[in-house]
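File shown here: final34.cif, holding mmCIF, C-alpha atoms.
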```cif
data_upload
loop_
_atom_site.label_atom_id
_atom_site.label_comp_id
_atom_site.auth_asym_id
_atom_site.auth_seq_id
_atom_site.Cartn_x
_atom_site.Cartn_y
_atom_site.Cartn_z
CA ALA K 1 6.63 -16.71 -32.55
CA ALA K 2 3.07 -17.90 -32.38
CA GLY K 3 2.08 -21.01 -34.31
CA PRO K 4 -1.27 -21.67 -35.93
CA ALA K 5 -4.33 -20.87 -33.80
CA ILE K 6 -6.08 -24.12 -34.71
CA THR K 7 -4.26 -27.35 -35.47
CA MET K 8 -5.50 -30.69 -36.70
CA TRP K 9 -4.66 -33.85 -34.80
CA THR K 10 -5.09 -37.36 -36.03
CA CYS K 11 -5.62 -40.59 -34.22
CA GLY K 12 -3.25 -43.27 -35.53
CA ARG K 13 -1.19 -46.26 -34.59
CA SER K 14 2.14 -45.79 -32.90
CA PRO K 15 5.17 -47.92 -33.90
CA SER K 16 4.27 -50.19 -30.96
CA GLY K 17 0.74 -50.61 -32.34
CA ASP K 18 -1.08 -48.49 -29.75
CA LEU K 19 -3.56 -45.80 -30.75
CA GLU K 20 -2.30 -42.27 -30.13
CA LEU K 21 -3.05 -38.67 -31.07
CA ASN K 22 -0.50 -36.97 -33.29
CA GLY K 23 -0.26 -33.33 -34.21
CA GLN K 24 1.38 -30.02 -33.43
CA ALA K 25 0.14 -28.16 -30.35
CA PRO K 26 -0.69 -24.51 -30.92
CA ILE K 27 1.58 -21.94 -29.28
CA CYS K 28 -0.60 -19.63 -27.21
CA GLU K 29 0.50 -16.28 -25.85
CA PRO K 30 -1.44 -14.16 -23.38
CA GLN K 31 -3.29 -11.21 -24.82
CA ARG K 32 -2.45 -7.66 -23.71
CA CYS K 33 -5.13 -5.70 -21.91
CA ALA K 34 -5.95 -2.52 -23.79
CA PHE K 35 -9.27 -1.49 -22.26
CA ASN K 36 -10.13 0.19 -18.95
CA LEU K 37 -6.54 1.25 -18.27
CA PRO K 38 -6.40 3.73 -15.38
CA SER K 39 -6.21 7.29 -16.65
CA GLY K 40 -6.21 10.82 -15.34
CA PRO K 41 -3.76 12.89 -13.34
CA GLY K 42 -4.83 11.41 -10.00
CA TYR K 43 -3.69 7.86 -10.69
CA LYS K 44 -0.46 5.91 -11.07
CA HIS K 45 -0.28 2.23 -11.98
CA ASP K 46 1.83 -0.64 -13.24
CA CYS K 47 -0.84 -1.90 -15.67
CA ASP K 48 0.91 -1.04 -18.95
CA GLY K 49 1.71 -4.30 -20.70
CA ALA K 50 -0.52 -6.44 -18.44
CA THR K 51 -1.60 -9.64 -20.17
CA THR K 52 -4.44 -12.14 -19.66
CA GLY K 53 -4.57 -13.37 -16.08
CA ALA K 54 -2.01 -10.86 -14.77
CA THR K 55 -2.76 -8.44 -11.97
CA CYS K 56 -1.64 -4.86 -11.60
CA THR K 57 -1.90 -2.18 -8.94
CA VAL K 58 -3.60 1.20 -9.22
CA GLU K 59 -2.77 3.88 -6.64
CA CYS K 60 -3.41 7.56 -6.07
CA ALA K 61 -0.65 9.69 -7.57
CA THR K 62 1.43 12.13 -5.54
CA GLY K 63 -0.75 15.05 -4.47
CA TYR K 64 -3.93 12.94 -4.45
CA VAL K 65 -5.59 10.93 -1.72
CA ALA K 66 -8.06 8.02 -1.86
CA GLU K 67 -11.57 9.02 -0.84
CA SER K 68 -12.23 5.59 0.68
CA GLY K 69 -9.06 5.56 2.75
CA VAL K 70 -7.64 2.53 0.91
CA ALA K 71 -4.77 3.89 -1.16
CA SER K 72 -4.51 1.15 -3.81
CA ARG K 73 -6.58 -1.39 -5.72
CA THR K 74 -5.73 -4.49 -7.74
CA ARG K 75 -7.02 -5.00 -11.27
CA VAL K 76 -6.99 -8.25 -13.24
CA CYS K 77 -6.46 -8.51 -16.99
CA HIS K 78 -9.53 -10.38 -18.24
CA GLU K 79 -9.57 -12.58 -21.36
CA THR K 80 -11.65 -9.88 -23.09
CA GLY K 81 -8.64 -7.54 -23.00
CA GLU K 82 -10.17 -5.41 -20.26
CA LEU K 83 -8.70 -4.60 -16.84
CA LEU K 84 -11.37 -5.41 -14.29
CA GLU K 85 -11.58 -3.96 -10.80
CA ASP K 86 -12.09 -6.00 -7.67
CA LYS K 87 -15.88 -5.94 -7.23
CA VAL K 88 -15.62 -6.27 -3.45
CA ALA K 89 -13.25 -3.35 -2.97
CA GLY K 90 -14.93 -1.22 -5.63
CA PRO K 91 -13.32 1.45 -7.77
CA LEU K 92 -10.50 3.64 -6.51
CA THR K 93 -11.47 7.31 -6.40
CA CYS K 94 -8.61 9.76 -5.89
CA ARG K 95 -9.15 13.43 -5.12
CA ALA K 96 -6.60 16.19 -5.34
CA LEU K 97 -5.23 17.54 -2.09
CA THR K 98 -5.91 21.26 -1.81
CA CYS K 99 -4.16 23.92 0.20
CA PRO K 100 -6.14 25.76 2.85
CA ALA K 101 -6.57 29.52 2.87
CA LEU K 102 -3.57 31.46 4.10
CA GLY K 103 -5.41 32.37 7.31
CA LEU K 104 -3.89 35.82 7.87
CA VAL K 105 -6.43 38.63 8.24
CA GLU K 106 -3.87 41.17 7.02
CA VAL K 107 -3.12 39.28 3.78
CA SER K 108 -5.39 38.87 0.76
CA SER K 109 -4.64 35.94 -1.58
CA ASN K 110 -6.05 33.55 -4.15
CA CYS K 111 -4.39 30.55 -2.45
CA ALA K 112 -7.40 28.67 -1.03
CA GLY K 113 -8.11 25.51 -3.00
CA LYS K 114 -4.83 25.41 -4.93
CA HIS K 115 -3.51 21.92 -5.72
CA VAL K 116 0.01 20.54 -5.27
CA ASN K 117 2.60 22.55 -7.26
CA GLU K 118 0.14 25.31 -8.15
CA THR K 119 1.15 28.86 -7.26
CA CYS K 120 -0.86 31.77 -5.92
CA LEU K 121 -0.36 35.44 -5.15
CA ALA K 122 -0.64 37.19 -1.80
CA THR K 123 -0.75 40.91 -1.06
CA CYS K 124 -1.78 43.16 1.84
CA ALA K 125 -5.55 43.20 2.44
CA ALA K 126 -7.63 46.39 2.38
CA GLY K 127 -6.85 48.47 5.45
CA PHE K 128 -3.29 47.17 5.70
CA GLU K 129 -0.02 48.41 4.25
CA TYR K 130 3.37 46.87 3.57
CA ALA K 131 5.73 46.78 6.50
CA GLY K 132 8.61 45.08 4.74
CA ASP K 133 10.08 44.48 1.33
CA GLY K 134 7.94 43.41 -1.61
CA ALA K 135 4.32 44.24 -2.17
CA LEU K 136 3.36 40.94 -3.75
CA ALA K 137 4.40 37.42 -2.80
CA GLU K 138 4.17 34.20 -4.79
CA LEU K 139 3.37 31.13 -2.70
CA ARG K 140 3.28 27.49 -3.75
CA CYS K 141 1.02 24.67 -2.59
CA ALA K 142 3.38 21.85 -1.64
CA LEU K 143 3.12 18.31 -0.32
CA ASP K 144 4.32 17.71 3.22
CA PRO K 145 7.22 15.26 2.68
CA THR K 146 6.75 13.62 6.08
CA THR K 147 3.12 12.57 5.54
CA ALA K 148 2.53 12.66 1.75
CA THR K 149 -1.15 13.22 2.57
CA HIS K 150 -1.07 16.84 3.76
CA VAL K 151 -0.35 20.03 1.87
CA ALA K 152 0.65 23.51 2.95
CA LEU K 153 1.53 26.83 1.37
CA GLN K 154 5.26 27.47 1.02
CA GLY K 155 6.91 30.83 0.58
CA ILE K 156 7.06 34.08 2.49
CA ALA K 157 3.81 36.01 2.83
CA PRO K 158 4.06 39.79 2.61
CA GLN K 159 4.64 41.59 5.90
CA CYS K 160 1.61 43.81 6.39
CA GLN K 161 0.65 46.18 9.18
CA ARG K 162 -2.60 47.91 10.05
CA LYS K 163 -3.16 51.37 8.56
CA ARG K 164 -4.03 54.27 10.84
CA CYS K 165 -7.47 55.77 10.36
CA GLU K 166 -7.18 59.25 8.90
CA LEU K 167 -10.75 59.98 7.80
CA GLY K 168 -13.68 60.56 10.13
CA LEU K 169 -11.51 61.90 12.95
CA LEU K 170 -13.34 63.80 15.66
CA GLU K 171 -13.04 67.56 15.99
CA PRO K 172 -10.22 68.35 18.43
CA GLY K 173 -11.34 69.70 21.83
CA ARG K 174 -15.03 69.11 21.22
CA TYR K 175 -15.08 65.46 22.41
CA THR K 176 -13.12 63.40 24.85
CA HIS K 177 -11.81 60.30 23.07
CA ASP K 178 -8.89 57.94 22.62
CA CYS K 179 -9.22 57.68 18.81
CA ALA K 180 -5.94 59.34 17.84
CA GLY K 181 -3.79 56.76 16.03
CA VAL K 182 -6.46 54.04 16.00
CA GLU K 183 -5.73 51.39 13.33
CA THR K 184 -7.78 49.24 10.97
CA GLY K 185 -10.11 46.89 12.85
CA ARG K 186 -9.42 48.52 16.22
CA GLN K 187 -11.95 50.44 18.34
CA CYS K 188 -11.80 53.67 20.27
CA THR K 189 -14.00 55.25 22.91
CA VAL K 190 -15.72 58.65 22.57
#
```

Output the structure of this file as structure tokens.
Amino acid sequence: AAGPAITMWTCGRSPSGDLELNGQAPICEPQRCAFNLPSGPGYKHDCDGATTGATCTVECATGYVAESGVASRTRVCHETGELLEDKVAGPLTCRALTCPALGLVEVSSNCAGKHVNETCLATCAAGFEYAGDGALAELRCALDPTTATHVALQGIAPQCQRKRCELGLLEPGRYTHDCAGVETGRQCTV
């Protein structure tokens, strides 16, 4: 329980006759910092409840990486009630890790640029047909548990095979060619 903020002291004589100050000292408690708390999905911190003079740590949350390479920063709770960043280190900027494109010419997807725990769909690209079960696959962008700084798509991409060209075939017997059965993206000689 806090006492009065300002107290009055008096200068008087002690029982031994010496001059001394008498009064009740105020009870002071540190103030909680309520301003400039880290916010946003890319950050995690232990700053809740920080009080005057205390320090706390701000880090990039799971699925985010520091742009400067330094993964955490210290903030100090200032007497104004604001958490101040270390001016030498500068602010911590965290960016979301994104999954790369699937990288299979036979598969079309909306997976490039997905963030951790986001899902995407993959299907056979134009000129390809399904070779296995399922025409559509759901993949998930996931954090690599061994590094915590890399992401990859998880799931089973559809099994697709090249389609055979059926239109634009040459008239039989009129030309010499090896175009029978040629597939998407392949060449033949006439």

**Prompt:** What does the PyMOL selection byres ((chain K and resi 68-85) around 8) select in this file, as number ranges by chain?
**Reply:** K: 31-37, 50-60, 65-67, 86-87, 89-93

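Of note, atom CA of K:Cys165 and atom CA of K:Gly127 are spaced 8.8 Å apart.
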
**Request:** Find the residues near K:His177: any atom within 7 Å, counting only C-alpha atoms, skip ones fewer than 2 places away on the same chain, and give them as a VMD selection string.
**Result:** chain K and resid 175 179 189 to 190

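The nearest approach to K:Lys44 among the residues K:Cys124, K:Leu139, K:Leu153, K:Ala61, with all atoms listed in the file taken into account, belongs to K:Ala61.
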
**Reference answer for the PyMOL selection byres ((chain K and resi 151) around 8), as a list in words** = Leu97, Thr98, Cys99, Val116, Cys141, Ala142, Leu143, Asp144, Ala148, Thr149, His150, Ala152 and Leu153 of chain K

Final all heavy atoms of stretch 109-120 of chain K as a PDB file, keeping the file's coordinate frame:
```pdb
ATOM      1  N   SER K 109      -5.287  36.831  -0.613  1.00  0.00           N
ATOM      2  CA  SER K 109      -4.640  35.940  -1.580  1.00  0.00           C
ATOM      3  C   SER K 109      -5.675  35.132  -2.343  1.00  0.00           C
ATOM      4  O   SER K 109      -6.848  35.099  -1.972  1.00  0.00           O
ATOM      5  CB  SER K 109      -3.677  34.987  -0.873  1.00  0.00           C
ATOM      6  OG  SER K 109      -4.407  33.966  -0.209  1.00  0.00           O
ATOM      7  N   ASN K 110      -5.213  34.483  -3.394  1.00  0.00           N
ATOM      8  CA  ASN K 110      -6.050  33.550  -4.150  1.00  0.00           C
ATOM      9  C   ASN K 110      -5.531  32.119  -3.940  1.00  0.00           C
ATOM     10  O   ASN K 110      -5.588  31.296  -4.833  1.00  0.00           O
ATOM     11  CB  ASN K 110      -6.061  33.922  -5.638  1.00  0.00           C
ATOM     12  CG  ASN K 110      -4.699  33.775  -6.289  1.00  0.00           C
ATOM     13  OD1 ASN K 110      -3.669  33.754  -5.630  1.00  0.00           O
ATOM     14  ND2 ASN K 110      -4.684  33.662  -7.612  1.00  0.00           N
ATOM     15  N   CYS K 111      -5.054  31.833  -2.730  1.00  0.00           N
ATOM     16  CA  CYS K 111      -4.390  30.550  -2.450  1.00  0.00           C
ATOM     17  C   CYS K 111      -5.331  29.425  -2.033  1.00  0.00           C
ATOM     18  O   CYS K 111      -4.981  28.256  -2.199  1.00  0.00           O
ATOM     19  CB  CYS K 111      -3.340  30.744  -1.359  1.00  0.00           C
ATOM     20  SG  CYS K 111      -1.996  31.853  -1.854  1.00  0.00           S
ATOM     21  N   ALA K 112      -6.493  29.732  -1.501  1.00  0.00           N
ATOM     22  CA  ALA K 112      -7.400  28.670  -1.030  1.00  0.00           C
ATOM     23  C   ALA K 112      -7.792  27.775  -2.190  1.00  0.00           C
ATOM     24  O   ALA K 112      -8.157  28.237  -3.268  1.00  0.00           O
ATOM     25  CB  ALA K 112      -8.628  29.277  -0.386  1.00  0.00           C
ATOM     26  N   GLY K 113      -7.689  26.475  -1.983  1.00  0.00           N
ATOM     27  CA  GLY K 113      -8.110  25.510  -3.000  1.00  0.00           C
ATOM     28  C   GLY K 113      -7.070  25.189  -4.052  1.00  0.00           C
ATOM     29  O   GLY K 113      -7.338  24.409  -4.961  1.00  0.00           O
ATOM     30  N   LYS K 114      -5.879  25.742  -3.953  1.00  0.00           N
ATOM     31  CA  LYS K 114      -4.830  25.410  -4.930  1.00  0.00           C
ATOM     32  C   LYS K 114      -4.375  23.971  -4.701  1.00  0.00           C
ATOM     33  O   LYS K 114      -4.368  23.475  -3.588  1.00  0.00           O
ATOM     34  CB  LYS K 114      -3.628  26.357  -4.796  1.00  0.00           C
ATOM     35  CG  LYS K 114      -3.929  27.781  -5.193  1.00  0.00           C
ATOM     36  CD  LYS K 114      -4.207  27.901  -6.668  1.00  0.00           C
ATOM     37  CE  LYS K 114      -4.465  29.353  -7.059  1.00  0.00           C
ATOM     38  NZ  LYS K 114      -4.814  29.489  -8.452  1.00  0.00           N
ATOM     39  N   HIS K 115      -3.987  23.304  -5.789  1.00  0.00           N
ATOM     40  CA  HIS K 115      -3.510  21.920  -5.720  1.00  0.00           C
ATOM     41  C   HIS K 115      -1.987  21.894  -5.657  1.00  0.00           C
ATOM     42  O   HIS K 115      -1.334  22.910  -5.891  1.00  0.00           O
ATOM     43  CB  HIS K 115      -3.978  21.137  -6.940  1.00  0.00           C
ATOM     44  CG  HIS K 115      -5.465  21.050  -7.024  1.00  0.00           C
ATOM     45  ND1 HIS K 115      -6.132  21.006  -8.211  1.00  0.00           N
ATOM     46  CD2 HIS K 115      -6.422  21.017  -6.072  1.00  0.00           C
ATOM     47  CE1 HIS K 115      -7.429  20.944  -7.999  1.00  0.00           C
ATOM     48  NE2 HIS K 115      -7.630  20.951  -6.707  1.00  0.00           N
ATOM     49  N   VAL K 116      -1.435  20.727  -5.372  1.00  0.00           N
ATOM     50  CA  VAL K 116       0.010  20.540  -5.270  1.00  0.00           C
ATOM     51  C   VAL K 116       0.710  21.112  -6.507  1.00  0.00           C
ATOM     52  O   VAL K 116       0.297  20.868  -7.636  1.00  0.00           O
ATOM     53  CB  VAL K 116       0.363  19.056  -5.074  1.00  0.00           C
ATOM     54  CG1 VAL K 116       1.857  18.825  -5.148  1.00  0.00           C
ATOM     55  CG2 VAL K 116      -0.183  18.569  -3.743  1.00  0.00           C
ATOM     56  N   ASN K 117       1.751  21.890  -6.258  1.00  0.00           N
ATOM     57  CA  ASN K 117       2.600  22.550  -7.260  1.00  0.00           C
ATOM     58  C   ASN K 117       1.958  23.738  -7.956  1.00  0.00           C
ATOM     59  O   ASN K 117       2.573  24.335  -8.823  1.00  0.00           O
ATOM     60  CB  ASN K 117       3.151  21.555  -8.292  1.00  0.00           C
ATOM     61  CG  ASN K 117       4.099  20.570  -7.654  1.00  0.00           C
ATOM     62  OD1 ASN K 117       4.841  20.912  -6.734  1.00  0.00           O
ATOM     63  ND2 ASN K 117       4.076  19.341  -8.106  1.00  0.00           N
ATOM     64  N   GLU K 118       0.740  24.098  -7.603  1.00  0.00           N
ATOM     65  CA  GLU K 118       0.140  25.310  -8.150  1.00  0.00           C
ATOM     66  C   GLU K 118       0.608  26.500  -7.322  1.00  0.00           C
ATOM     67  O   GLU K 118       0.866  26.369  -6.122  1.00  0.00           O
ATOM     68  CB  GLU K 118      -1.385  25.245  -8.157  1.00  0.00           C
ATOM     69  CG  GLU K 118      -1.936  24.262  -9.148  1.00  0.00           C
ATOM     70  CD  GLU K 118      -3.455  24.256  -9.196  1.00  0.00           C
ATOM     71  OE1 GLU K 118      -4.116  24.610  -8.207  1.00  0.00           O
ATOM     72  OE2 GLU K 118      -3.983  23.870 -10.253  1.00  0.00           O
ATOM     73  N   THR K 119       0.715  27.658  -7.956  1.00  0.00           N
ATOM     74  CA  THR K 119       1.150  28.860  -7.260  1.00  0.00           C
ATOM     75  C   THR K 119      -0.023  29.822  -7.099  1.00  0.00           C
ATOM     76  O   THR K 119      -1.037  29.725  -7.796  1.00  0.00           O
ATOM     77  CB  THR K 119       2.290  29.562  -8.012  1.00  0.00           C
ATOM     78  OG1 THR K 119       1.847  29.892  -9.317  1.00  0.00           O
ATOM     79  CG2 THR K 119       3.528  28.684  -8.078  1.00  0.00           C
ATOM     80  N   CYS K 120       0.155  30.747  -6.175  1.00  0.00           N
ATOM     81  CA  CYS K 120      -0.860  31.770  -5.920  1.00  0.00           C
ATOM     82  C   CYS K 120      -0.151  33.056  -5.511  1.00  0.00           C
ATOM     83  O   CYS K 120       1.039  33.052  -5.209  1.00  0.00           O
ATOM     84  CB  CYS K 120      -1.832  31.306  -4.851  1.00  0.00           C
ATOM     85  SG  CYS K 120      -1.051  30.881  -3.263  1.00  0.00           S
TER      86      CYS K 120
END
```
